$ cat input_24.tsv   # TSV, C-alpha atoms
chain	number	residue	atom	x	y	z
A	832	MET	CA	28.26	-12.19	23.13
A	833	ASP	CA	24.55	-12.58	22.44
A	834	LEU	CA	24.43	-10.76	19.09
A	835	ILE	CA	20.65	-10.36	18.92
A	836	ALA	CA	20.43	-9.08	22.51
A	837	SER	CA	23.23	-6.59	21.82
A	838	LEU	CA	21.52	-5.42	18.64
A	839	LYS	CA	18.26	-4.87	20.51
A	840	SER	CA	20.05	-2.89	23.21
A	841	PHE	CA	21.80	-0.76	20.59
A	842	LEU	CA	18.49	-0.02	18.84
A	843	ARG	CA	16.78	1.05	22.10
A	844	VAL	CA	19.73	3.22	23.09
A	845	ALA	CA	19.54	4.88	19.67
A	846	GLN	CA	15.80	5.47	20.16
A	847	THR	CA	15.97	6.75	23.75
A	848	GLY	CA	19.41	8.39	23.69
A	849	SER	CA	20.07	6.90	27.15
A	850	PHE	CA	21.70	3.80	28.59
A	851	SER	CA	19.90	4.40	31.88
A	852	ALA	CA	16.44	4.50	30.27
A	853	VAL	CA	17.03	1.18	28.52
A	854	ALA	CA	18.40	-0.35	31.72
A	855	HIS	CA	15.30	0.80	33.62
A	856	GLU	CA	13.02	-0.74	30.97
A	857	ARG	CA	14.72	-4.10	31.26
A	858	GLY	CA	15.30	-4.16	34.99
A	859	VAL	CA	19.09	-4.36	34.71
A	860	THR	CA	21.95	-2.01	35.55
A	861	GLN	CA	23.14	0.78	33.29
A	862	PRO	CA	26.66	-0.76	33.00
A	863	ALA	CA	25.06	-3.99	31.74
A	864	ILE	CA	23.50	-2.18	28.77
A	865	SER	CA	26.69	-0.24	28.16
A	866	ARG	CA	28.69	-3.48	28.08
A	867	GLN	CA	26.32	-4.98	25.48
A	868	VAL	CA	26.74	-2.01	23.16
A	869	SER	CA	30.51	-1.99	23.72
A	870	ALA	CA	30.67	-5.71	22.86
A	871	LEU	CA	28.76	-5.03	19.64
A	872	GLU	CA	31.17	-2.21	18.75
A	873	GLU	CA	34.13	-4.51	19.39
A	874	HIS	CA	32.53	-7.22	17.27
A	875	LEU	CA	32.03	-4.80	14.37
A	876	GLY	CA	35.36	-3.03	14.86
A	877	THR	CA	33.85	0.45	14.92
A	878	ARG	CA	32.31	2.92	17.38
A	879	LEU	CA	28.53	3.17	17.09
A	880	VAL	CA	27.69	5.73	19.81
A	881	GLN	CA	29.28	8.80	21.38
A	882	ARG	CA	29.01	8.74	25.18
A	883	SER	CA	28.91	11.92	27.26
A	884	THR	CA	27.47	13.02	30.59
A	885	GLN	CA	24.75	14.91	28.74
A	886	ALA	CA	23.53	12.36	26.16
A	887	VAL	CA	24.29	9.37	24.02
A	888	THR	CA	24.38	10.08	20.29
A	889	LEU	CA	25.03	7.93	17.25
A	890	THR	CA	28.23	8.19	15.26
A	891	ASP	CA	28.06	8.28	11.47
A	892	GLU	CA	28.79	4.53	11.47
A	893	GLY	CA	26.06	4.02	14.03
A	894	ARG	CA	23.49	5.82	11.86
A	895	GLU	CA	24.55	3.79	8.81
A	896	PHE	CA	24.27	0.56	10.78
A	897	LEU	CA	20.85	1.37	12.25
A	898	GLY	CA	18.77	0.09	9.34
A	899	ALA	CA	20.72	-3.17	9.03
A	900	ALA	CA	20.46	-3.76	12.79
A	901	GLN	CA	16.69	-3.32	12.69
A	902	ARG	CA	16.36	-5.76	9.78
A	903	LEU	CA	18.45	-8.36	11.61
A	904	VAL	CA	16.33	-8.05	14.76
A	905	ASP	CA	13.10	-8.22	12.77
A	906	GLU	CA	14.26	-11.36	10.98
A	907	ALA	CA	15.32	-12.98	14.26
A	908	ASP	CA	11.89	-12.24	15.74
A	909	ARG	CA	10.20	-13.67	12.67
A	910	LEU	CA	12.23	-16.87	12.88
A	911	GLN	CA	11.54	-17.21	16.59
A	912	HIS	CA	7.84	-16.83	15.97
A	913	ALA	CA	7.89	-19.39	13.14
A	914	VAL	CA	9.78	-21.94	15.24
A	915	GLY	CA	7.45	-21.36	18.17
A	916	ALA	CA	4.42	-21.90	15.98
A	917	ARG	CA	5.90	-25.17	14.70
A	918	ARG	CA	6.98	-26.46	18.10
A	919	GLY	CA	5.25	-29.74	18.83
A	920	LYS	CA	4.02	-30.14	15.24
A	921	ALA	CA	5.31	-32.58	12.66
A	922	VAL	CA	6.60	-30.02	10.17
A	923	GLY	CA	9.28	-30.51	7.52
A	924	THR	CA	10.93	-33.42	5.75
A	925	VAL	CA	12.02	-36.71	7.33
A	926	ARG	CA	14.66	-38.54	5.29
A	927	VAL	CA	14.38	-42.20	6.26
A	928	ALA	CA	16.34	-45.19	4.95
A	929	VAL	CA	14.42	-48.47	4.93
A	930	PRO	CA	15.05	-52.00	3.61
A	931	THR	CA	13.57	-52.34	0.13
A	932	PRO	CA	10.64	-54.66	1.03
A	933	LEU	CA	9.59	-52.46	3.93
A	934	GLY	CA	9.98	-49.37	1.75
A	935	VAL	CA	7.66	-50.82	-0.89
A	936	TYR	CA	5.18	-51.78	1.83
A	937	LEU	CA	5.41	-48.38	3.54
A	938	GLY	CA	5.15	-46.41	0.30
A	939	ALA	CA	1.68	-47.82	-0.31
A	940	ARG	CA	0.53	-46.94	3.21
A	941	LEU	CA	1.67	-43.34	3.76
A	942	ALA	CA	-1.71	-41.71	3.20
A	943	PRO	CA	-2.95	-41.90	6.83
A	944	LEU	CA	0.30	-40.40	8.10
A	945	MET	CA	0.28	-37.59	5.53
A	946	ASP	CA	-3.40	-36.83	6.18
A	947	ARG	CA	-2.71	-36.70	9.92
A	948	HIS	CA	0.22	-34.26	9.49
A	949	ASP	CA	-0.39	-31.95	6.54
A	950	GLU	CA	2.96	-30.15	6.88
A	951	LEU	CA	5.05	-33.34	6.91
A	952	SER	CA	7.08	-34.62	3.95
A	953	ILE	CA	8.74	-38.04	3.64
A	954	ASP	CA	11.89	-38.85	1.65
A	955	LEU	CA	12.09	-42.66	1.45
A	956	VAL	CA	15.57	-44.02	0.71
A	957	LEU	CA	15.28	-47.72	-0.21
A	958	ARG	CA	18.34	-49.87	0.23
A	959	ASP	CA	19.25	-53.37	1.35
A	960	GLY	CA	22.30	-52.53	3.45
A	961	ALA	CA	23.16	-50.37	6.45
A	962	SER	CA	23.43	-46.60	6.04
A	963	HIS	CA	25.72	-43.91	7.43
A	964	LEU	CA	23.10	-41.64	8.92
A	965	ILE	CA	25.04	-38.47	9.63
A	966	GLU	CA	27.25	-38.61	6.53
A	967	GLU	CA	24.24	-39.19	4.29
A	968	GLY	CA	22.01	-36.58	5.89
A	969	LEU	CA	19.47	-39.14	7.11
A	970	ASP	CA	17.11	-38.45	10.00
A	971	LEU	CA	16.25	-42.08	10.60
A	972	GLU	CA	16.96	-45.63	9.46
A	973	ILE	CA	14.99	-48.85	9.91
A	974	ARG	CA	17.70	-51.44	10.39
A	975	LEU	CA	17.54	-55.24	10.55
A	976	GLY	CA	19.22	-57.50	13.08
A	977	PRO	CA	21.58	-57.12	16.05
A	978	LEU	CA	23.25	-53.71	16.15
A	979	VAL	CA	26.72	-52.76	17.29
A	980	ASP	CA	26.98	-48.98	16.73
A	981	CYS	CA	27.02	-47.54	20.24
A	982	SER	CA	26.86	-43.94	18.98
A	983	MET	CA	23.25	-44.29	17.86
A	984	VAL	CA	19.93	-44.57	19.64
A	985	ALA	CA	17.76	-47.55	18.71
A	986	ARG	CA	14.14	-48.45	19.35
A	987	GLN	CA	12.78	-51.82	18.32
A	988	VAL	CA	9.65	-51.33	16.23
A	989	GLY	CA	8.92	-54.89	15.17
A	990	TRP	CA	10.18	-58.11	13.68
A	991	ALA	CA	11.16	-59.14	10.15
A	992	LEU	CA	10.01	-62.41	8.63
A	993	ALA	CA	10.90	-64.12	5.35
A	994	HIS	CA	9.48	-67.11	3.51
A	995	VAL	CA	11.24	-69.62	1.31
A	996	VAL	CA	9.26	-69.64	-1.94
A	997	ALA	CA	9.29	-70.87	-5.51
A	998	SER	CA	6.96	-70.69	-8.46
A	999	PRO	CA	4.76	-73.67	-9.38
A	1000	GLU	CA	6.59	-73.84	-12.72
A	1001	TYR	CA	9.96	-74.26	-11.02
A	1002	LEU	CA	8.60	-76.92	-8.66
A	1003	ASP	CA	6.99	-78.84	-11.53
A	1004	ARG	CA	10.39	-79.05	-13.23
A	1005	HIS	CA	12.64	-79.68	-10.22
A	1006	GLY	CA	10.46	-81.03	-7.43
A	1007	GLU	CA	9.69	-79.55	-4.02
A	1008	PRO	CA	12.19	-79.70	-1.14
A	1009	ARG	CA	10.77	-81.06	2.12
A	1010	HIS	CA	13.78	-80.35	4.36
A	1011	PRO	CA	16.31	-77.48	4.36
A	1012	SER	CA	19.15	-79.90	3.62
A	1013	GLU	CA	17.56	-80.57	0.20
A	1014	LEU	CA	18.11	-76.95	-0.85
A	1015	GLU	CA	21.71	-77.81	-1.70
A	1016	ARG	CA	20.42	-79.69	-4.74
A	1017	HIS	CA	18.26	-76.79	-5.96
A	1018	ALA	CA	18.87	-73.56	-7.82
A	1019	CYS	CA	18.54	-70.85	-5.17
A	1020	ILE	CA	18.36	-67.14	-5.83
A	1021	VAL	CA	21.20	-65.63	-3.81
A	1022	TYR	CA	20.32	-62.24	-2.38
A	1023	HIS	CA	23.44	-60.27	-1.47
A	1024	ARG	CA	22.92	-58.09	1.56
A	1025	ARG	CA	25.77	-58.77	3.95
A	1026	ALA	CA	28.35	-61.49	4.44
A	1027	HIS	CA	27.28	-65.15	4.51
A	1028	ASP	CA	24.58	-64.58	1.89
A	1029	LYS	CA	24.80	-68.22	0.85
A	1030	VAL	CA	23.71	-69.60	4.24
A	1031	TRP	CA	20.04	-69.68	5.24
A	1032	TRP	CA	18.97	-70.32	8.83
A	1033	PHE	CA	15.84	-72.18	9.91
A	1034	ASP	CA	14.08	-73.10	13.13
A	1035	ASP	CA	13.97	-76.83	13.71
A	1036	ALA	CA	11.07	-77.78	15.96
A	1037	ALA	CA	12.50	-81.28	16.29
A	1038	GLY	CA	16.00	-80.05	17.07
A	1039	PRO	CA	17.70	-79.79	20.47
A	1040	ARG	CA	15.88	-77.63	23.00
A	1041	VAL	CA	17.40	-74.28	23.85
A	1042	PRO	CA	16.83	-72.11	26.99
A	1043	SER	CA	14.11	-70.09	25.25
A	1044	GLY	CA	12.08	-73.27	24.88
A	1045	GLN	CA	12.17	-73.14	21.12
A	1046	GLY	CA	13.65	-75.72	18.80
A	1047	GLY	CA	17.16	-75.83	17.46
A	1048	GLU	CA	18.65	-74.11	14.44
A	1049	LEU	CA	19.47	-75.44	11.01
A	1050	ALA	CA	22.04	-73.77	8.76
A	1051	THR	CA	21.86	-74.63	5.07
A	1052	ALA	CA	24.32	-73.56	2.39
A	1053	VAL	CA	22.66	-72.56	-0.89
A	1054	CYS	CA	23.89	-71.80	-4.37
A	1055	GLY	CA	22.48	-70.79	-7.71
A	1056	ARG	CA	23.13	-68.98	-10.96
A	1057	VAL	CA	21.04	-65.89	-10.15
A	1058	HIS	CA	22.51	-63.40	-7.68
A	1059	THR	CA	21.19	-59.93	-6.81
A	1060	ASN	CA	21.61	-57.21	-4.22
A	1061	ASN	CA	17.96	-56.15	-4.39
A	1062	ALA	CA	14.96	-57.87	-2.80
A	1063	VAL	CA	12.54	-56.80	-5.53
A	1064	ALA	CA	14.80	-58.30	-8.19
A	1065	ALA	CA	14.99	-61.57	-6.20
A	1066	HIS	CA	11.20	-61.55	-5.96
A	1067	GLN	CA	10.79	-61.08	-9.71
A	1068	ALA	CA	13.30	-63.84	-10.43
A	1069	ALA	CA	11.33	-66.22	-8.21
A	1070	LEU	CA	8.08	-65.33	-10.00
A	1071	ALA	CA	9.82	-66.04	-13.32
A	1072	GLY	CA	10.73	-69.55	-12.17
A	1073	GLN	CA	14.47	-68.93	-11.87
A	1074	GLY	CA	14.81	-70.73	-8.55
A	1075	ILE	CA	13.98	-70.84	-4.85
A	1076	ALA	CA	14.16	-67.52	-3.00
A	1077	HIS	CA	14.26	-66.41	0.60
A	1078	ILE	CA	12.22	-63.19	0.58
A	1079	SER	CA	10.38	-60.90	2.98
A	1080	HIS	CA	6.80	-61.93	3.54
A	1081	LEU	CA	5.86	-58.32	2.77
A	1082	LEU	CA	6.73	-58.94	-0.88
A	1083	VAL	CA	5.44	-62.48	-1.34
A	1084	ALA	CA	2.32	-62.80	0.85
A	1085	GLU	CA	-0.06	-61.78	-1.95
A	1086	ASP	CA	1.69	-64.05	-4.45
A	1087	ILE	CA	1.33	-67.00	-2.07
A	1088	ARG	CA	-2.39	-66.29	-1.64
A	1089	ALA	CA	-2.83	-66.00	-5.41
A	1090	GLY	CA	-0.86	-69.18	-6.14
A	1091	ARG	CA	1.89	-67.42	-8.10
A	1092	LEU	CA	4.41	-68.59	-5.50
A	1093	ARG	CA	4.34	-71.51	-3.10
A	1094	GLN	CA	5.68	-71.34	0.45
A	1095	LEU	CA	8.08	-74.24	1.04
A	1096	MET	CA	8.92	-76.30	4.11
A	1097	PRO	CA	6.35	-74.81	6.52
A	1098	ASP	CA	7.64	-77.16	9.25
A	1099	TYR	CA	10.97	-75.31	9.13
A	1100	PRO	CA	10.21	-71.57	9.39
A	1101	THR	CA	13.03	-69.11	8.86
A	1102	ARG	CA	14.36	-67.15	11.77
A	1103	ARG	CA	12.78	-63.81	12.61
A	1104	PHE	CA	15.04	-60.86	13.42
A	1105	PRO	CA	14.39	-57.52	15.10
A	1106	LEU	CA	13.73	-54.32	13.21
A	1107	TYR	CA	15.09	-51.18	14.85
A	1108	ALA	CA	14.46	-47.50	14.28
A	1109	VAL	CA	17.97	-46.02	14.51
A	1110	TYR	CA	18.77	-42.32	14.81
A	1111	PRO	CA	21.71	-40.19	16.00
A	1112	SER	CA	20.34	-38.86	19.29
A	1113	LYS	CA	17.05	-38.56	21.14
A	1114	ARG	CA	18.02	-35.12	22.47
A	1115	SER	CA	15.78	-32.60	20.73
A	1116	LEU	CA	14.36	-35.29	18.47
A	1117	PRO	CA	12.06	-33.32	16.13
A	1118	PRO	CA	8.35	-34.15	16.34
A	1119	ARG	CA	8.40	-34.98	12.62
A	1120	THR	CA	10.89	-37.80	13.21
A	1121	ARG	CA	9.04	-39.04	16.27
A	1122	VAL	CA	5.71	-39.35	14.44
A	1123	VAL	CA	7.33	-41.30	11.60
A	1124	ILE	CA	8.87	-43.77	14.07
A	1125	ASP	CA	5.54	-44.14	15.84
A	1126	TYR	CA	3.66	-44.65	12.58
A	1127	ILE	CA	6.02	-47.37	11.36
A	1128	GLY	CA	5.61	-49.07	14.74
A	1129	GLU	CA	1.82	-48.86	14.34
A	1130	LEU	CA	1.96	-50.43	10.88
A	1131	LEU	CA	4.11	-53.33	12.02
A	1132	ALA	CA	1.93	-53.88	15.10
A	1133	ARG	CA	-1.01	-54.72	12.81
A	1134	ASP	CA	0.85	-57.68	11.32
A	1135	PRO	CA	1.02	-60.65	13.74
A	1136	ASP	CA	4.26	-61.79	12.12
A	1137	MET	CA	5.94	-58.43	12.72
A	1138	ALA	CA	4.30	-57.13	15.90
A	1139	LEU	CA	6.16	-56.80	19.17
A	1140	ARG	CA	4.88	-58.92	22.01
A	1141	ASP	CA	3.73	-57.31	25.28
A	1142	ARG	CA	7.03	-58.12	26.93
A	1143	GLU	CA	8.84	-56.45	24.04
A	1144	ALA	CA	7.30	-53.00	24.42
A	1145	PRO	CA	9.20	-50.39	22.36
A	1146	ARG	CA	11.92	-48.62	24.28
A	1147	GLU	CA	14.78	-46.33	23.42
A	1148	THR	CA	18.33	-47.23	24.27
A	1149	PRO	CA	21.57	-45.36	23.57
A	1150	ARG	CA	23.36	-48.68	23.12
A	1151	GLU	CA	22.19	-51.34	20.75
A	1152	VAL	CA	22.34	-55.11	21.05
A	1153	SER	CA	25.93	-56.28	20.62
A	1154	PRO	CA	26.67	-59.54	18.82
A	1155	GLU	CA	28.39	-62.28	20.81
A	1156	ALA	CA	30.64	-65.03	19.52
A	1157	SER	CA	29.46	-68.50	20.38
A	1158	GLY	CA	31.89	-71.06	19.00
A	1159	ASP	CA	30.45	-73.39	16.39
A	1160	ALA	CA	26.88	-72.26	16.98
A	1161	PRO	CA	25.70	-69.29	14.88
A	1162	SER	CA	26.25	-66.02	16.73
A	1163	SER	CA	23.74	-63.21	16.62
A	1164	SER	CA	26.03	-61.28	14.28
A	1165	ALA	CA	26.44	-64.32	12.02
A	1166	ILE	CA	22.69	-64.68	11.82
A	1167	ALA	CA	22.29	-61.01	10.94
A	1168	ASP	CA	25.13	-61.21	8.43
A	1169	ALA	CA	23.46	-64.20	6.80
A	1170	ALA	CA	20.70	-61.76	5.81
A	1171	LEU	CA	18.09	-64.41	6.24
A	1172	VAL	CA	15.25	-61.99	6.58
A	1173	LYS	CA	15.16	-59.65	3.66
A	1174	ALA	CA	12.75	-57.08	5.05
$ encode --input "input_24.tsv" --output "C-alpha cells"
Amino acid sequence: MDLIASLKSFLRVAQTGSFSAVAHERGVTQPAISRQVSALEEHLGTRLVQRSTQAVTLTDEGREFLGAAQRLVDEADRLQHAVGARRGKAVGTVRVAVPTPLGVYLGARLAPLMDRHDELSIDLVLRDGASHLIEEGLDLEIRLGPLVDCSMVARQVGWALAHVVASPEYLDRHGEPRHPSELERHACIVYHRRAHDKVWWFDDAAGPRVPSGQGGELATAVCGRVHTNNAVAAHQAALAGQGIAHISHLLVAEDIRAGRLRQLMPDYPTRRFPLYAVYPSKRSLPPRTRVVIDYIGELLARDPDMALRDREAPRETPREVSPEASGDAPSSSAIADAALVKA
C-alpha cells in the first residue's frame, strides 16, 4: 500500500463525499479509489467511512483521524518539495576517511570547495588504516594501494608518494646513507600502518628491466627504537633527529625546501601507489559525495607527483584491483602491506 496516496484519497473522499468524484478528478476508476481507502482502513484496523448508495460519510473514527491525515500529507509534500529543491545540489554532510597526511593537506585547502557549495559540510576522519565504511557511517574513503573488497566501488584519484628523509642533525651524527642497503645500519622510524612495516621498497634504475620498462625493485628491512602508528608523529620524530623516516611528500616537502629535513638517496625513489576514492555504491550517489570526490581529484591533479597520467583517466569500477601472489618477488598486496607510501 502507498500510504501517502491512500491518505490523499481518503482526504478527497471526505471533502467531496464521493468515490466517483475523486476517481473522475484523477482519471481512474471508482473501485480504484475505494480500494485505496479500504487498504487504509485495514492498515489502521478501523472503519473510516460509511458507504451507501446515497453518499459517503465519515465515521467517528474517520472524523478524528482527519486532522492527523492532513498533517501527514502536508509534511510529505513539504519533504518532497525540499528534496526536489536540493536535487542536483551538494547539500548536507559528507563524512570522509582519509590517510593522515592527505587529511592534513586537504584540511588546509577546503575553502574553494566550501565557497563553491555553501550548503555542504565536511567531516574529515583522519586515520592511517583502512575503514569499514558502512559500519562506521562513512560516505567515502580515500584508500591507498591495491584493493580487494569487491563490494565497493572505487575510482582512482591520484598517486601517493613518500620520501626517505632525516634531519641534518641526525645525518651529522650518523652519516648519510647512499644506498637502501645501508639503512639496516641506521635508526629508522618505523611507521605502523599494515603488515610488513619494517620493509621499505625502492625503485632501482640500475636493476633488472621489467615489462613496464622501469627498473627493478629493492626491498630493505629497517629497524629502530621509535615506532608509531601515525604519520604526523613520525614526521615530528624525524624533525627532532630521532632517525630516518619514510613519510608522505605532502608532510615533508616544505621541510625539505627549508632545510629542516634532507631527502636521501634520490637515485632510489620509493615506489608510488594508487589512491582510490572508495564508496559503497554509485547508485544514487548524492551530489555532495560526487563533488568531494571530484575536488580531491582536482587537488591531486595539480601535483605532478600525484596526478594521474592521460592514460589513467579516472573511472569507476565495481571491482577493485586484486592482489596477485608472485613467488619471491613482492606482490602488489605485499607492497601495499609494506605501507611504503604514507599518504
$ residues_around --input "input_24.tsv" --residues "stretch 1063-1075 of chain A" --least-positions-apart "2" --cutoff "10 Å" --atoms "all atoms listed in the file" --output "MDAnalysis selection string"
chainID A and resid 931:932 935 995:1002 1004:1005 1007:1008 1014 1017:1023 1053:1061 1077:1079 1082:1083 1086 1091:1095 1173
$ atom_distance --input "input_24.tsv" --atom1 "atom CA of A:Gln911" --atom2 "atom CA of A:Ala836"
13.4 Å
$ residues_around --input "input_24.tsv" --residues "stretch 845-855 of chain A" --least-positions-apart "2" --cutoff "9 Å" --atoms "all atoms listed in the file" --output "PyMOL selection string"
chain A and resi 840-843+857-865+880+886-889+893-894+897
$ closest_residue --input "input_24.tsv" --among "A:Ala1076, A:Ala899, A:Val922, A:Val1109" --to "A:Leu975" --atoms "all atoms listed in the file"
A:Val1109
$ residues_near_point --input "input_24.tsv" --point "(18.0, -57.9, 13.4)" --cutoff "6 Å" --atoms "only C-alpha atoms" --output "MDAnalysis selection string"
chainID A and resid 975:977 1104:1106 1167
$ atom_distance --input "input_24.tsv" --atom1 "atom CA of A:Leu969" --atom2 "atom CA of A:Ala928"
7.1 Å
$ atom_distance --input "input_24.tsv" --atom1 "atom CA of A:Leu955" --atom2 "atom CA of A:Gly919"
22.7 Å
$ closest_residue --input "input_24.tsv" --among "A:Gly989, A:Pro1011, A:Pro1118, A:Gly960" --to "A:Thr924" --atoms "all atoms listed in the file"
A:Pro1118
$ closest_residue --input "input_24.tsv" --among "A:Ala991, A:Arg1119, A:Leu1131, A:Arg909" --to "A:Asp949" --atoms "all atoms listed in the file"
A:Arg1119
$ closest_residue --input "input_24.tsv" --among "A:Gly923, A:Met832, A:Pro1100, A:Leu1130" --to "A:Glu873" --atoms "only C-alpha atoms"
A:Met832
$ residues_around --input "input_24.tsv" --residues "A:Arg1121" --least-positions-apart "2" --cutoff "12 Å" --atoms "all atoms listed in the file" --output "list in words"
Gly919, Lys920, Ala921, Val922, Val925, Val927, Leu951, Asp970, Leu971, Arg986, Ala1108, Val1109, Tyr1110, Ser1112, Lys1113, Arg1114, Ser1115, Leu1116, Pro1117, Pro1118, Arg1119, Val1123, Ile1124, Asp1125, Tyr1126, Ile1127, Gly1128 and Glu1147 of chain A
$ closest_residue --input "input_24.tsv" --among "A:Ser952, A:Gln901, A:Thr890, A:Thr1101" --to "A:Ala993" --atoms "all atoms listed in the file"
A:Thr1101
$ closest_residue --input "input_24.tsv" --among "A:Gly898, A:Glu892, A:Gly1006, A:Thr1051" --to "A:Arg878" --atoms "all atoms listed in the file"
A:Glu892
